[in-house]
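Enquirer: Structure in structure tokens, see below.
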Amino acid sequence: MAPQGVAVGDLSVNELQTYIKVLRDELQVLMNQYGALKTARERYLDSKQTLESLEQCKEGEKILIPITHSLFVRGELGATDSAIIEMGAGYYVKMSTTKGKDFMMRKTKGLTNMMQEIEKNVHLKQQQLQIMEETFQQKARTAGPPPA
């Protein structure tokens, strides 16, 4: 962003181009972060839904166990009142389905809050970028063609 104390209108065309590029790069990083958080949130919501469906099943019931999103193996359901929950960073904990759902909701809420903060930052950066681009266009028009 422009140095503090310097009006955008006081920047040269080259400086404006530099700041525009920086803002675009920052926006791209924020959008990538937002996408990653959204994917993580969807995974936690899917896990919560799976725990909810587990509560409706009976012990000994035949099921398909997801190994990946497209690979399943046959299995038999054991206890339906608990599950092994991935806590993150490769750590797993056995807990009741109720506690597991609560954990998923806390994680989902935290991710949603982070996404909202990123949305605010994206909106701010977009406004700054628009101001920089408008100023750049005005200066480029008034400067005329570069000397030959």
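Naming works like this for the structure tokens: A, B, ... for the chains as they're shown, residue 1 at the start of each chain, ligands 1 onward in shown order.
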So that each row is one residue of stretch 17-113 of chain A with an atom at most 8 Å from stretch 117-129 of chain A, can you give its shortest atom pair and the distance in Å to one decimal, using only C-alpha atoms, rows by chain and rising number, as a tab-separated table?
Expert:
residue	atom	partner	partner_atom	distance
A:Ile20	CA	A:Leu129	CA	6.2
A:Leu23	CA	A:Leu129	CA	6.2
A:Arg24	CA	A:Leu129	CA	7.5
A:Glu26	CA	A:Lys125	CA	7.9
A:Leu27	CA	A:Val122	CA	6.2
A:Leu30	CA	A:Ile118	CA	6.5
A:Met31	CA	A:Val122	CA	7.6
A:Gln33	CA	A:Ile118	CA	8.0
A:Tyr34	CA	A:Ile118	CA	6.6
A:Asn113	CA	A:Glu117	CA	6.4
Enquirer: Using C-alpha atoms, can you export the residues from the last selection as a compact mmCIF listing (two decimals), in the first residue's frame?
Expert:
# COMPACT_ATOMS: atom_id res chain seq x y z
CA ILE A 20 -1.37 -1.84 -7.96
CA LEU A 23 -2.46 -5.00 -4.05
CA ARG A 24 -3.34 -7.55 -6.74
CA GLU A 26 -2.23 -9.44 -1.77
CA LEU A 27 -5.76 -10.00 -3.06
CA LEU A 30 -6.28 -13.57 0.51
CA MET A 31 -8.49 -15.36 -2.03
CA GLN A 33 -6.53 -18.41 2.00
CA TYR A 34 -10.29 -18.00 1.79
CA ASN A 113 -14.98 -16.30 11.69
Enquirer: So which bits of chain A end up alpha helix (DSSP H) when you DSSP the backbone, as a PyMOL selection string?
Expert: chain A and resi 13-55+97-143
Enquirer: Provide the atom CA of A:Lys101 to atom CA of A:Ala79 distance in Å, to one decimal place.
Expert: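 We find that atom CA of A:Lys101 and atom CA of A:Ala79 lie 16.0 Å from each other.
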Enquirer: At what distance in Å, to one decimal, does atom CA of A:Gly35 lie from atom CA of A:Thr98?
Expert: 28.4 Å
Enquirer: Under the rule that only C-alpha atoms are counted, which of A:Ser53, A:Val6, A:Leu71, A:Lys48 is the nearest residue to A:Lys99?
Expert: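 Once distances to A:Lys99 are computed over only C-alpha atoms, the minimum belongs to A:Lys48.
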Enquirer: Restricting the calculation to only C-alpha atoms, which member of A:Leu77, A:Val29, A:Ala7, A:Ile67 is positioned closest to A:Leu54?
Expert: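 Going through A:Leu77, A:Val29, A:Ala7, A:Ile67 one by one, the smallest distance to A:Leu54 is for A:Leu77.
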Enquirer: Select, from A:Glu61, A:Gln56, A:Val93, A:Phe103, the residue with the minimum atom-to-atom distance to A:Asp81, counting only C-alpha atoms.
Expert: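 Answer, going by the shortest atom-to-atom distance: A:Gln56.
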Enquirer: Quick check for you: according to DSSP on this backbone, which residues of stretch 26-133 of chain A are classed as strand (DSSP E)? Reply as a ChimeraX atom specification.
Expert: /A:62-66,72-76,82-88,91-96
Enquirer: Of the residues A:Gln28, A:Asp46, A:Gly78, A:Thr108, which is the one nearest to A:Gly60, using only C-alpha atoms?
Expert: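 Looking at the shortest contact to A:Gly60, the residue is A:Gly78.
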